[in-house]
Amino acid sequence: MEYIDSHAHTNFDVFDDDREDVYARAAAAGLIAIIEVGVGLEGSKRALERARNTDIVYAAMGLHPTDLDDFDSQWPEFEALVRAEVQDRGMVAVGECGLDYYWMKAPKEKQERAFRLQLELARDVDLPFIVHCREAEDDLIEVLKSGCQSNEILPNGVVHCFGGTADHARAIVDLGLHVSFCGNVTYKKNEGFREAAKVVPADRLLLETDSPFLAPGKKRGKRNEPAFVLETAAALASLRDVPLIDLVNDATANTKRLFRL
């Protein structure tokens, strides 16, 4: 089986001592691609550099809702960088961007403005987008429903590390978007996530690790890494009562299609 980790942060310094080993373990486990997601302007630059130098890695570039203190000063450089690099083989998405009401490190209005600008940018450069959402699902769906500020067609994308209800998942799918699950769907307390995972159609489901966070059940408490996506895949297949090979094949095909791999 061919797996894809659709969302990881292997450019974080927690991987500095063994990053190449992490990629080797991922390839040995059957991963054919890792979407390396930049967080902030500098993180986005590192993600792009990682993609350029590692065959298995592709890059996404985004300004995260918990890191918007310098948004106004960073936005012109970020926008120019995305537009300049959009033809790069390794650049496949805008994000992660979105809303985070758990940490609430920026006012809701500022988060929404940053999110809308990145949605518009994704549409303008014809790239999919990756959404971060934490305890903000209702507002997120309203922003997505309204599309961009000009109210034109919403570009395609995925809500990563899904943490909402089954109704939220249905609403996101109804907008034509994808939903991605990571290791926290295996945690006993997250029954709501598991109910949501049951209702996402097979052609909209993605797999991810969100490394180094949220290692799946048997590895909980450890640093997460892309190879651990296999455990999340097995848990989702069991939850959805489908053969593992079917779930993995569908998720891989969906990820290839969304990110044009």
# chains A, B, ... in the order shown; residues from 1 in each chain; ligands from 1

$ select_by_dssp --residues "segment 19-220 of chain A" --states "strand (DSSP E or B)" --output "PyMOL selection string"
chain A and resi 31-37+57-61+91-100+129-134+157-159+178-181+205-207+211

$ select_by_dssp --residues "segment 42-182 of chain A" --states "helix (DSSP H, G or I)" --output "ChimeraX atom specification"
/A:42-53,71-85,108-125,137-145,166-174

$ residues_around --residues "Gly192 of chain A" --least-positions-apart "5" --cutoff "8 Å" --atoms "only C-alpha atoms" --output "list in words"
Gly164, Thr165 and Ala166 of chain A

$ closest_residue --among "A:Ala24, A:Ala80, A:Ala251, A:Ala169" --to "Leu140 of chain A" --atoms "only C-alpha atoms"
A:Ala169

$ closest_atom_pairs --of "segment 172-248 of chain A" --to "segment 32-48 of chain A" --cutoff "12 Å" --atoms "only C-alpha atoms" --output "Markdown table"
| residue | atom | partner | partner_atom | distance |
| --- | --- | --- | --- | --- |
| A:Leu206 | CA | A:Ile35 | CA | 11.7 |
| A:Leu207 | CA | A:Ile34 | CA | 10.6 |
| A:Glu208 | CA | A:Ile34 | CA | 8.9 |
| A:Thr209 | CA | A:Ile34 | CA | 9.7 |
| A:Asp210 | CA | A:Val37 | CA | 9.0 |
| A:Ser211 | CA | A:Glu36 | CA | 9.5 |
| A:Pro212 | CA | A:Glu36 | CA | 11.5 |
| A:Glu225 | CA | A:Ile34 | CA | 10.4 |
| A:Pro226 | CA | A:Ile34 | CA | 7.3 |
| A:Ala227 | CA | A:Ile34 | CA | 9.9 |
| A:Val229 | CA | A:Ile34 | CA | 10.5 |

$ write_last_selection --atoms "N, CA and C atoms" --output "tab-separated table (two decimals), in the first residue's frame"
chain	number	residue	atom	x	y	z
A	206	LEU	N	-8.79	12.30	4.02
A	206	LEU	CA	-7.33	12.32	3.97
A	206	LEU	C	-6.76	11.82	5.28
A	207	LEU	N	-5.52	11.34	5.22
A	207	LEU	CA	-4.77	10.88	6.39
A	207	LEU	C	-3.64	11.84	6.69
A	208	GLU	N	-3.33	12.01	7.97
A	208	GLU	CA	-2.22	12.87	8.34
A	208	GLU	C	-1.70	12.46	9.71
A	209	THR	N	-0.53	13.04	10.05
A	209	THR	CA	-0.01	12.85	11.41
A	209	THR	C	-0.04	14.14	12.22
A	210	ASP	N	0.09	15.29	11.57
A	210	ASP	CA	0.33	16.56	12.26
A	210	ASP	C	1.59	16.46	13.12
A	211	SER	N	2.55	15.68	12.65
A	211	SER	CA	3.82	15.53	13.37
A	211	SER	C	4.41	16.92	13.67
A	212	PRO	N	5.00	17.10	14.85
A	212	PRO	CA	5.33	16.09	15.87
A	212	PRO	C	4.25	15.90	16.92
A	225	GLU	N	5.60	11.11	14.13
A	225	GLU	CA	6.36	11.23	12.89
A	225	GLU	C	5.56	10.60	11.76
A	226	PRO	N	5.86	10.93	10.50
A	226	PRO	CA	5.03	10.49	9.38
A	226	PRO	C	4.75	9.00	9.30
A	227	ALA	N	5.71	8.15	9.66
A	227	ALA	CA	5.48	6.71	9.57
A	227	ALA	C	4.32	6.26	10.44
A	229	VAL	N	1.47	7.35	10.55
A	229	VAL	CA	0.18	7.49	9.89
A	229	VAL	C	-0.46	6.12	9.64

$ atom_distance --atom1 "atom CA of Asp55 of chain A" --atom2 "atom CA of Pro76 of chain A"
29.4 Å

$ closest_residue --among "A:Leu205, A:Leu230, A:Val57, A:Ala122" --to "Asn254 of chain A" --atoms "only C-alpha atoms"
A:Leu205

$ closest_residue --among "A:Arg113, A:Asn184, A:Ile130, A:Leu68" --to "Gly95 of chain A" --atoms "only C-alpha atoms"
A:Ile130

$ atom_distance --atom1 "atom CA of Ala51 of chain A" --atom2 "atom CA of Arg89 of chain A"
8.4 Å

$ closest_residue --among "A:Arg134, A:Phe181, A:Gly221, A:Ala28" --to "Ala237 of chain A" --atoms "only C-alpha atoms"
A:Phe181

$ residues_around --residues "segment 255-258 of chain A" --least-positions-apart "4" --cutoff "8 Å" --atoms "only C-alpha atoms" --output "VMD selection string"
chain A and resid 4 6 128 156 to 157 206 251

$ write_last_selection --atoms "N, CA and C atoms" --output "CSV table (one decimal), in the first residue's frame"
chain,number,residue,atom,x,y,z
A,4,ILE,N,0.2,8.5,2.2
A,4,ILE,CA,0.6,9.8,2.1
A,4,ILE,C,0.3,10.5,3.5
A,6,SER,N,-0.6,13.8,4.8
A,6,SER,CA,-1.0,15.0,4.1
A,6,SER,C,-0.8,16.2,5.0
A,128,PRO,N,-4.7,24.6,-3.9
A,128,PRO,CA,-5.6,24.3,-2.8
A,128,PRO,C,-5.1,24.9,-1.5
A,156,ASN,N,-10.4,24.8,-3.8
A,156,ASN,CA,-10.5,23.5,-3.1
A,156,ASN,C,-9.5,23.5,-1.9
A,157,GLY,N,-9.9,22.6,-0.9
A,157,GLY,CA,-9.0,22.6,0.2
A,157,GLY,C,-9.4,21.4,1.2
A,206,LEU,N,-8.8,12.3,4.0
A,206,LEU,CA,-7.3,12.3,4.0
A,206,LEU,C,-6.8,11.8,5.3
A,251,ALA,N,-7.7,7.3,0.4
A,251,ALA,CA,-7.0,8.5,0.9
A,251,ALA,C,-5.8,9.0,0.1

$ atom_distance --atom1 "atom CA of Phe12 of chain A" --atom2 "atom CA of Leu117 of chain A"
25.4 Å

$ closest_atom_pairs --of "segment 140-252 of chain A" --to "segment 101-112 of chain A" --cutoff "12 Å" --atoms "only C-alpha atoms" --output "tab-separated table"
residue	atom	partner	partner_atom	distance
A:Leu140	CA	A:Glu112	CA	8.6
A:Ile141	CA	A:Glu112	CA	11.6
A:Glu142	CA	A:Glu112	CA	10.6
A:Val143	CA	A:Glu112	CA	7.7
A:Leu144	CA	A:Glu112	CA	10.5
A:Ser146	CA	A:Glu112	CA	11.8
A:Gly147	CA	A:Glu112	CA	11.9
A:Cys148	CA	A:Glu112	CA	10.7
A:Gln149	CA	A:Glu112	CA	10.7
A:Gly163	CA	A:Tyr102	CA	11.7

$ residues_around --residues "Val86 of chain A" --least-positions-apart "4" --cutoff "10 Å" --atoms "only C-alpha atoms" --output "PDB file with C-alpha atoms, in the first residue's frame"
ATOM      1  CA  LEU A  81       6.874  34.519  -1.993  1.00  0.00           C
ATOM      2  CA  VAL A  82       3.836  32.357  -2.722  1.00  0.00           C
ATOM      3  CA  GLY A  90       7.451  21.222  -4.344  1.00  0.00           C
ATOM      4  CA  MET A  91       4.920  23.987  -3.643  1.00  0.00           C
ATOM      5  CA  VAL A  92       1.460  22.415  -3.507  1.00  0.00           C
ATOM      6  CA  ALA A  93      -0.806  24.432  -1.162  1.00  0.00           C
ATOM      7  CA  VAL A  94      -1.478  27.607   0.797  1.00  0.00           C
ATOM      8  CA  ALA A 122      -4.981  30.351  -2.978  1.00  0.00           C
ATOM      9  CA  VAL A 125      -2.577  31.273  -7.749  1.00  0.00           C
ATOM     10  CA  ASP A 126      -4.780  28.211  -8.360  1.00  0.00           C
ATOM     11  CA  LEU A 127      -3.614  26.187  -5.349  1.00  0.00           C
TER      12      LEU A 127
END

$ closest_residue --among "A:Asp88, A:Val14, A:Gly62, A:Ala233" --to "Ile245 of chain A" --atoms "only C-alpha atoms"
A:Ala233
